[in-house]
>>> print(open('query24.cif').read())   # mmCIF, C-alpha atoms and all ligand atoms
data_entry
#
loop_
_atom_site.label_atom_id
_atom_site.label_comp_id
_atom_site.auth_asym_id
_atom_site.auth_seq_id
_atom_site.Cartn_x
_atom_site.Cartn_y
_atom_site.Cartn_z
CA MET A 1 77.54 97.48 106.57
CA LYS A 2 80.92 96.76 104.99
CA LYS A 3 81.75 98.40 101.67
CA ASP A 4 83.03 96.15 98.90
CA PHE A 5 84.41 97.59 95.67
CA LEU A 6 83.96 94.84 93.10
CA SER A 7 83.02 97.09 90.18
CA ILE A 8 82.25 100.74 89.46
CA ARG A 9 78.58 99.74 89.78
CA ASP A 10 79.22 99.57 93.56
CA LEU A 11 79.51 103.38 93.54
CA ILE A 12 76.65 105.80 93.26
CA ARG A 13 77.31 108.78 90.99
CA GLU A 14 78.15 111.19 93.82
CA GLU A 15 80.66 108.73 95.26
CA ALA A 16 82.36 108.26 91.89
CA HIS A 17 82.72 112.03 91.44
CA GLU A 18 83.86 112.51 95.03
CA LEU A 19 86.59 109.86 94.60
CA ILE A 20 87.97 111.77 91.63
CA LYS A 21 88.02 115.09 93.48
CA ARG A 22 89.37 113.59 96.66
CA SER A 23 92.19 111.70 94.89
CA ALA A 24 93.15 114.90 93.01
CA TRP A 25 93.36 116.70 96.34
CA MET A 26 95.36 113.85 97.87
CA LYS A 27 97.80 114.04 94.96
CA GLU A 28 98.21 117.80 95.32
CA ASN A 29 98.82 117.50 99.05
CA ASP A 30 100.97 114.33 99.07
CA PHE A 31 98.37 112.92 101.44
CA ARG A 32 99.23 110.85 104.50
CA SER A 33 96.95 109.76 107.33
CA ASN A 34 96.53 107.18 110.05
CA ILE A 35 93.10 105.87 109.08
CA LEU A 36 94.55 102.37 108.66
CA GLU A 37 96.54 102.44 111.90
CA GLY A 38 96.37 99.03 113.52
CA LYS A 39 94.71 97.60 110.40
CA THR A 40 95.97 94.90 108.04
CA VAL A 41 94.88 94.57 104.42
CA ILE A 42 95.63 91.30 102.65
CA LEU A 43 96.52 91.39 98.96
CA ILE A 44 95.61 88.12 97.22
CA PHE A 45 97.00 88.09 93.67
CA GLU A 46 96.32 85.16 91.34
CA LYS A 47 97.80 87.06 88.39
CA ALA A 48 100.96 89.11 87.90
CA SER A 49 100.99 92.81 88.76
CA THR A 50 103.40 95.72 89.03
CA ARG A 51 101.28 98.87 89.31
CA THR A 52 98.28 97.57 91.24
CA LYS A 53 100.33 95.59 93.75
CA VAL A 54 102.85 98.32 94.48
CA SER A 55 100.39 101.24 94.47
CA PHE A 56 98.14 99.41 96.95
CA GLU A 57 101.06 98.46 99.18
CA VAL A 58 102.39 102.03 99.20
CA SER A 59 98.91 103.52 99.74
CA ILE A 60 98.24 101.23 102.68
CA HIS A 61 101.59 102.33 104.14
CA HIS A 62 100.77 106.04 103.54
CA LEU A 63 97.51 105.55 105.44
CA GLY A 64 99.27 104.01 108.43
CA GLY A 65 98.30 100.38 107.77
CA HIS A 66 100.06 97.11 107.18
CA HIS A 67 99.70 94.69 104.29
CA VAL A 68 100.26 91.00 103.66
CA PHE A 69 100.81 89.80 100.09
CA MET A 70 99.61 86.31 99.12
CA THR A 71 99.71 84.26 95.94
CA PRO A 72 98.23 80.81 95.24
CA ALA A 73 101.72 79.35 94.81
CA GLU A 74 102.66 80.01 98.40
CA SER A 75 99.31 79.56 100.12
CA GLN A 76 96.64 76.90 100.40
CA LEU A 77 94.68 78.70 97.67
CA GLY A 78 96.93 76.92 95.17
CA ARG A 79 96.03 73.59 96.78
CA SER A 80 92.28 74.07 96.33
CA GLU A 81 91.29 75.30 99.77
CA PRO A 82 87.79 76.63 99.10
CA LEU A 83 87.53 80.39 98.71
CA ARG A 84 84.75 80.58 101.25
CA ASP A 85 87.03 79.03 103.89
CA THR A 86 89.86 81.39 102.96
CA ALA A 87 87.48 84.35 103.20
CA ARG A 88 86.27 83.37 106.66
CA VAL A 89 89.75 82.72 108.03
CA LEU A 90 91.36 85.88 106.62
CA SER A 91 88.46 87.94 107.99
CA ARG A 92 89.55 86.82 111.47
CA TYR A 93 93.08 88.19 110.93
CA ALA A 94 92.70 91.29 108.81
CA GLN A 95 90.40 94.21 107.98
CA GLY A 96 90.29 93.87 104.20
CA MET A 97 91.20 91.95 101.06
CA VAL A 98 92.46 93.39 97.77
CA VAL A 99 92.04 90.63 95.21
CA ARG A 100 93.31 90.08 91.65
CA THR A 101 91.77 86.99 90.16
CA PHE A 102 90.05 85.38 87.16
CA GLY A 103 86.23 85.15 87.28
CA GLN A 104 84.25 87.89 88.99
CA GLU A 105 82.31 85.15 90.79
CA LYS A 106 85.42 84.47 92.89
CA LEU A 107 85.36 88.04 94.16
CA ILE A 108 81.66 87.79 94.87
CA GLU A 109 82.22 84.60 96.85
CA LEU A 110 85.05 86.13 98.89
CA ALA A 111 82.90 89.18 99.60
CA ARG A 112 79.90 87.06 100.54
CA HIS A 113 81.72 84.75 102.95
CA GLY A 114 84.25 87.24 104.30
CA SER A 115 83.16 89.79 106.89
CA VAL A 116 85.68 92.44 105.73
CA PRO A 117 85.66 94.68 102.62
CA VAL A 118 86.88 93.19 99.34
CA ILE A 119 88.41 95.35 96.59
CA ASN A 120 88.69 94.17 92.98
CA ALA A 121 92.31 94.59 91.88
CA LEU A 122 91.37 93.20 88.41
CA SER A 123 89.21 90.30 87.35
CA ASP A 124 88.45 88.86 83.93
CA GLU A 125 85.34 91.08 83.90
CA PHE A 126 86.40 94.39 85.45
CA HIS A 127 89.33 96.62 86.48
CA PRO A 128 87.51 99.31 88.48
CA CYS A 129 90.48 100.80 90.39
CA GLN A 130 92.33 101.33 87.11
CA VAL A 131 89.45 103.09 85.39
CA MET A 132 88.81 105.29 88.41
CA SER A 133 92.42 106.48 88.22
CA ASP A 134 92.11 106.90 84.45
CA LEU A 135 89.16 109.19 85.14
CA LEU A 136 91.37 111.16 87.54
CA THR A 137 93.94 111.48 84.73
CA ILE A 138 91.27 112.91 82.43
CA TYR A 139 89.81 115.13 85.18
CA GLU A 140 93.23 116.79 85.58
CA ARG A 141 92.91 118.01 81.99
CA SER A 142 89.14 118.11 81.38
CA PRO A 143 87.53 118.61 84.81
CA ASP A 144 83.86 118.58 83.86
CA PHE A 145 83.91 115.54 81.48
CA GLU A 146 81.25 117.40 79.50
CA ALA A 147 81.33 117.17 75.69
CA LEU A 148 84.30 114.81 75.73
CA ASN A 149 84.73 112.12 73.12
CA ILE A 150 86.50 109.13 74.59
CA ALA A 151 87.46 106.26 72.30
CA TRP A 152 88.25 102.71 73.29
CA VAL A 153 90.23 100.98 70.53
CA GLY A 154 90.94 97.29 71.05
CA ASP A 155 89.49 94.37 72.95
CA GLY A 156 86.06 94.32 74.61
CA ASN A 157 87.78 93.20 77.82
CA ASN A 158 87.78 93.90 81.56
CA MET A 159 89.05 97.46 81.04
CA SER A 160 86.41 98.19 78.42
CA HIS A 161 83.72 96.90 80.78
CA SER A 162 84.83 99.25 83.56
CA TRP A 163 84.85 102.14 81.06
CA ILE A 164 81.29 101.25 80.07
CA ASN A 165 80.34 101.22 83.76
CA ALA A 166 81.97 104.64 84.20
CA ALA A 167 79.89 106.09 81.38
CA ILE A 168 76.81 105.62 83.58
CA HIS A 169 78.18 108.20 86.04
CA PHE A 170 80.09 110.66 83.81
CA PRO A 171 78.75 112.75 80.93
CA PHE A 172 81.31 111.82 78.24
CA LYS A 173 80.60 110.03 74.99
CA LEU A 174 82.31 106.64 74.90
CA THR A 175 82.80 104.96 71.52
CA LEU A 176 84.29 101.48 71.56
CA ALA A 177 85.87 100.05 68.41
CA VAL A 178 86.49 96.31 68.64
CA PRO A 179 87.01 93.61 66.00
CA PRO A 180 83.94 91.45 65.26
CA GLY A 181 83.75 88.69 67.87
CA PHE A 182 85.58 90.73 70.52
CA GLU A 183 82.68 92.90 71.67
CA PRO A 184 82.21 93.81 75.32
CA ARG A 185 79.62 91.78 77.20
CA GLU A 186 76.20 92.65 75.92
CA ASP A 187 74.51 92.83 79.32
CA ILE A 188 77.12 95.30 80.58
CA PHE A 189 76.77 97.45 77.45
CA GLN A 190 72.98 97.38 77.46
CA GLU A 191 72.78 98.19 81.15
CA ALA A 192 74.89 101.30 80.57
CA GLN A 193 72.64 102.37 77.71
CA ARG A 194 69.54 101.76 79.79
CA LEU A 195 70.94 103.85 82.65
CA GLY A 196 71.72 106.80 80.40
CA GLY A 197 75.38 106.14 79.53
CA ASN A 198 76.40 107.71 76.21
CA VAL A 199 78.02 104.50 74.89
CA HIS A 200 78.45 103.40 71.28
CA LEU A 201 79.95 100.36 69.62
CA THR A 202 81.60 100.05 66.19
CA HIS A 203 83.98 97.73 64.34
CA ASP A 204 85.77 100.68 62.74
CA PRO A 205 88.69 102.08 64.78
CA LEU A 206 88.80 105.27 62.70
CA GLU A 207 85.15 105.94 63.46
CA ALA A 208 85.81 105.68 67.19
CA ALA A 209 88.93 107.85 66.90
CA ARG A 210 87.19 110.60 64.93
CA ASP A 211 87.36 113.84 66.96
CA ALA A 212 88.32 111.88 70.06
CA HIS A 213 89.80 113.91 72.90
CA TYR A 214 91.09 110.75 74.57
CA ILE A 215 92.00 107.43 72.99
CA ASN A 216 92.35 104.47 75.24
CA THR A 217 93.74 101.04 74.48
CA ASP A 218 94.95 97.88 76.19
CA VAL A 219 96.61 94.58 75.32
CA TRP A 220 94.91 92.34 72.76
CA ALA A 221 95.37 89.22 74.90
CA SER A 222 94.73 89.75 78.59
CA MET A 223 96.23 87.69 81.39
CA GLY A 224 94.81 84.19 81.10
CA GLN A 225 94.44 84.50 77.31
CA GLU A 226 98.10 83.93 76.45
CA GLU A 227 97.26 80.96 74.23
CA GLU A 228 95.04 83.14 72.07
CA GLN A 229 97.81 85.67 71.47
CA LYS A 230 98.48 84.69 67.83
CA ALA A 231 94.83 84.38 66.79
CA ARG A 232 94.07 87.71 68.44
CA ALA A 233 96.99 89.45 66.76
CA ASP A 234 95.46 88.37 63.42
CA ALA A 235 91.96 89.48 64.38
CA PHE A 236 93.12 92.88 65.66
CA VAL A 237 94.89 94.04 62.49
CA GLY A 238 93.94 97.71 62.00
CA PHE A 239 93.29 98.27 65.71
CA ARG A 240 96.82 99.42 66.63
CA VAL A 241 96.90 102.93 68.07
CA ASP A 242 99.32 104.58 65.66
CA ASP A 243 99.78 107.91 63.85
CA ARG A 244 96.98 107.05 61.43
CA ILE A 245 94.50 106.67 64.30
CA LEU A 246 95.78 109.86 65.94
CA GLU A 247 95.31 111.83 62.71
CA ALA A 248 91.58 111.06 62.79
CA ALA A 249 91.32 112.35 66.34
CA HIS A 250 90.97 115.82 67.82
CA PRO A 251 94.23 117.81 67.34
CA GLU A 252 94.71 117.88 71.13
CA VAL A 253 94.02 114.16 71.59
CA ARG A 254 95.65 112.40 74.53
CA VAL A 255 96.44 108.71 74.63
CA LEU A 256 95.84 106.41 77.59
CA HIS A 257 97.04 102.86 78.18
CA CYS A 258 96.70 101.12 81.55
CA LEU A 259 100.03 99.30 80.97
CA PRO A 260 101.80 96.99 80.59
CA ALA A 261 101.93 97.83 76.87
CA HIS A 262 103.04 95.60 74.04
CA ARG A 263 104.74 98.16 71.80
CA GLY A 264 104.22 97.33 68.15
CA GLU A 265 101.01 95.42 68.89
CA GLU A 266 98.14 97.49 70.30
CA ILE A 267 100.19 100.73 70.32
CA THR A 268 103.28 101.94 68.51
CA ASP A 269 106.43 102.94 70.32
CA ALA A 270 106.16 106.39 68.69
CA VAL A 271 102.68 106.97 70.15
CA ILE A 272 103.40 105.76 73.67
CA GLU A 273 106.65 107.75 73.81
CA GLY A 274 105.17 110.72 71.93
CA GLU A 275 103.78 114.06 73.08
CA ARG A 276 100.15 112.84 73.02
CA SER A 277 100.81 110.09 75.57
CA ILE A 278 99.79 110.60 79.20
CA VAL A 279 100.46 107.05 80.33
CA TRP A 280 103.03 107.92 83.02
CA ASP A 281 100.66 110.34 84.77
CA GLN A 282 98.01 107.67 84.38
CA ALA A 283 100.25 105.09 86.08
CA GLU A 284 101.14 107.53 88.89
CA ASN A 285 97.48 108.21 89.51
CA ARG A 286 96.93 104.62 90.56
CA LEU A 287 98.62 105.53 93.86
CA HIS A 288 96.42 108.55 94.55
CA MET A 289 93.21 106.79 93.56
CA GLN A 290 93.98 103.73 95.71
CA LYS A 291 94.26 106.07 98.71
CA ALA A 292 90.91 107.66 97.93
CA ILE A 293 89.30 104.23 97.54
CA LEU A 294 90.78 103.03 100.83
CA GLU A 295 89.59 106.20 102.57
CA TRP A 296 86.11 105.75 101.08
CA ILE A 297 86.02 102.28 102.65
CA TYR A 298 87.80 102.90 105.96
CA GLY A 299 87.64 106.66 106.50
N1 LIG A 301 97.49 98.49 84.92
C1 LIG A 301 97.71 97.50 85.80
O1 LIG A 301 96.82 97.00 86.47
O2 LIG A 301 99.01 97.11 85.88
P1 LIG A 301 99.57 95.88 86.69
O3 LIG A 301 99.11 94.62 85.99
O4 LIG A 301 101.05 96.05 86.64
O5 LIG A 301 99.03 95.93 88.09
N1 LIG A 302 93.28 93.66 80.17
C1 LIG A 302 94.56 93.47 80.83
C2 LIG A 302 94.79 94.56 81.81
C3 LIG A 302 96.13 94.48 82.51
C4 LIG A 302 96.31 95.54 83.55
C5 LIG A 302 94.56 92.11 81.51
O1 LIG A 302 93.54 91.74 82.10
O2 LIG A 302 95.58 91.43 81.44
#
>>> encode(input="query24.cif", output="structure tokens", more="lines below")
Ligand code: CP
Ligand code: NVA
Amino acid sequence: MKKDFLSIRDLIREEAHELIKRSAWMKENDFRSNILEGKTVILIFEKASTRTKVSFEVSIHHLGGHHVFMTPAESQLGRSEPLRDTARVLSRYAQGMVVRTFGQEKLIELARHGSVPVINALSDEFHPCQVMSDLLTIYERSPDFEALNIAWVGDGNNMSHSWINAAIHFPFKLTLAVPPGFEPREDIFQEAQRLGGNVHLTHDPLEAARDAHYINTDVWASMGQEEEQKARADAFVGFRVDDRILEAAHPEVRVLHCLPAHRGEEITDAVIEGERSIVWDQAENRLHMQKAILEWIYG
């Protein structure tokens, strides 16, 4: 059976842990292989990307494969060719699809009608590849994830959902602080609680930051929400990751941001450029994690 990776819920616990260990090893050994030799992976991106696009393209190359990059503007996707038709046709040419899109249902449809694996490169609901590499970034500093306080300060968005999913598999405490009205999806949150995830929700950013070993944030308006930018900036006052938030945290706190960052909005320039920031390692780790994910699917 083909393996799709549409959310972290597609992994069982052992697989999630193995991906972290394997990607760390790949990083240490500057891993190359030929597992994708003779294979083509198609990247379909309906939203902008720097890190995800380039790290997937480079990983596919490092594994001996070939990629094709597609956007709606230059394909029939932008002229309303049904996704199910696209999925069936591309499955005849290539061995996989890495897809950045809007609704998760689009990924599900591609995966259902395509006969090749589909990887979620970000949807409105989830960003699983990003959070897996964020976990690698934490593992490099805190390998057992035990007794870790991880704070999410900001929007209850796709990134927050993937963090909530991750809490099902890893033994950290995750506290999300979001403004009222910007909570993560209730079903995703409740599922994690039901399955033993140590997840908590508050409207107070200082409460989430208290004794945090890692503080994580993301933009206030995600791609597709550009028109809400102003209203969100008003609603998110007090949720900027700044020195005040860091003072509430553990003295050794580290700061994560998946990037791109809007300095002066969700995070200050001083914090992202400061000694607590690990965002450049975090960005690098996208490359190593993509290789581990591709190997998990094709290896
Ligand atoms: N973090 C992330 O997914 O970045 P890109 O939008 O540049 O791919
Ligand atoms: N939440 C952001 C993440 C960007 C990598 C977005 O969806 O735009």
>>> residues_near_point(input="query24.cif", point="(96.0, 84.1, 82.0)", cutoff="12 Å", atoms="all atoms listed in the file", output="JSON list (two decimals) with C-alpha atoms, in the coordinates of the input")
[["chain", "number", "residue", "atom", "x", "y", "z"],
["A", 46, "GLU", "CA", 96.32, 85.16, 91.34],
["A", 47, "LYS", "CA", 97.80, 87.06, 88.39],
["A", 48, "ALA", "CA", 100.96, 89.11, 87.90],
["A", 100, "ARG", "CA", 93.31, 90.08, 91.65],
["A", 101, "THR", "CA", 91.77, 86.99, 90.16],
["A", 102, "PHE", "CA", 90.05, 85.38, 87.16],
["A", 103, "GLY", "CA", 86.23, 85.15, 87.28],
["A", 123, "SER", "CA", 89.21, 90.30, 87.35],
["A", 124, "ASP", "CA", 88.45, 88.86, 83.93],
["A", 221, "ALA", "CA", 95.37, 89.22, 74.90],
["A", 222, "SER", "CA", 94.73, 89.75, 78.59],
["A", 223, "MET", "CA", 96.23, 87.69, 81.39],
["A", 224, "GLY", "CA", 94.81, 84.19, 81.10],
["A", 225, "GLN", "CA", 94.44, 84.50, 77.31],
["A", 226, "GLU", "CA", 98.10, 83.93, 76.45],
["A", 227, "GLU", "CA", 97.26, 80.96, 74.23],
["A", 228, "GLU", "CA", 95.04, 83.14, 72.07],
["A", 229, "GLN", "CA", 97.81, 85.67, 71.47]]
>>> residues_near_point(input="query24.cif", point="(97.7, 106.1, 104.5)", cutoff="10 Å", atoms="only C-alpha atoms", output="list in words")
Phe31, Arg32, Ser33, Asn34, Ile35, Leu36, Glu37, Glu57, Val58, Ser59, Ile60, His61, His62, Leu63, Gly64, Gly65, His66, Gln290, Lys291, Ala292, Leu294 and Glu295 of chain A
>>> closest_residue(input="query24.cif", among="A:Ala212, A:Ala73, A:Ile108, A:Leu259", to="ligand LIG 301 (chain A)", atoms="all atoms listed in the file")
A:Leu259
>>> residues_around(input="query24.cif", residues="Val279 (chain A)", least_positions_apart="4", cutoff="8 Å", atoms="all atoms listed in the file", output="PyMOL selection string")
chain A and resi 255-259+272+283
>>> residues_around(input="query24.cif", residues="Leu122 (chain A)", least_positions_apart="5", cutoff="9 Å", atoms="all atoms listed in the file", output="VMD selection string")
chain A and resid 6 47 52 99 to 102 104 127 to 130 158 to 159
>>> residues_around(input="query24.cif", residues="Pro180 (chain A)", least_positions_apart="4", cutoff="12 Å", atoms="only C-alpha atoms", output="count of residues only")
15
>>> residues_around(input="query24.cif", residues="region 144-150 of chain A", least_positions_apart="4", cutoff="12 Å", atoms="only C-alpha atoms", output="PyMOL selection string")
chain A and resi 17+20-21+134-140+160+163-164+166-167+169-177+198-200+207-217+249-250+252-256
>>> axis_aligned_box(input="query24.cif", around="ligand LIG 301 (chain A)", padding_each_side="8 Å", output="JSON")
{"center_x": 98.9, "center_y": 96.6, "center_z": 86.5, "size_x": 20.2, "size_y": 19.9, "size_z": 19.2}
>>> atom_distance(input="query24.cif", atom1="CA of Pro179 (chain A)", atom2="atom O2 of ligand LIG 301 (chain A)")
23.5 Å
>>> residues_around(input="query24.cif", residues="Val41 (chain A)", least_positions_apart="3", cutoff="8 Å", atoms="only C-alpha atoms", output="ChimeraX atom specification")
/A:60,65-68,94-98
>>> atom_distance(input="query24.cif", atom1="CA of Asp30 (chain A)", atom2="CA of His288 (chain A)")
8.6 Å
>>> closest_residue(input="query24.cif", among="A:Ile42, A:Ile8, A:Leu77, A:Ala192", to="Glu125 (chain A)", atoms="all atoms listed in the file")
A:Ile8
>>> closest_residue(input="query24.cif", among="A:His161, A:Ala151, A:Tyr298, A:Asp242", to="Arg276 (chain A)", atoms="only C-alpha atoms")
A:Asp242
>>> atom_distance(input="query24.cif", atom1="CA of Arg13 (chain A)", atom2="CA of Ile168 (chain A)")
8.1 Å
>>> closest_residue(input="query24.cif", among="A:Ser23, A:Ser162, A:Thr71, A:Gln282", to="Phe189 (chain A)", atoms="only C-alpha atoms")
A:Ser162
>>> closest_residue(input="query24.cif", among="A:Glu275, A:Val153, A:Glu284, A:Pro260", to="ligand LIG 302 (chain A)", atoms="only C-alpha atoms and all ligand atoms")
A:Pro260
>>> closest_residue(input="query24.cif", among="A:Asp10, A:Glu74, A:Glu266, A:Glu105", to="ligand LIG 302 (chain A)", atoms="all atoms listed in the file")
A:Glu266
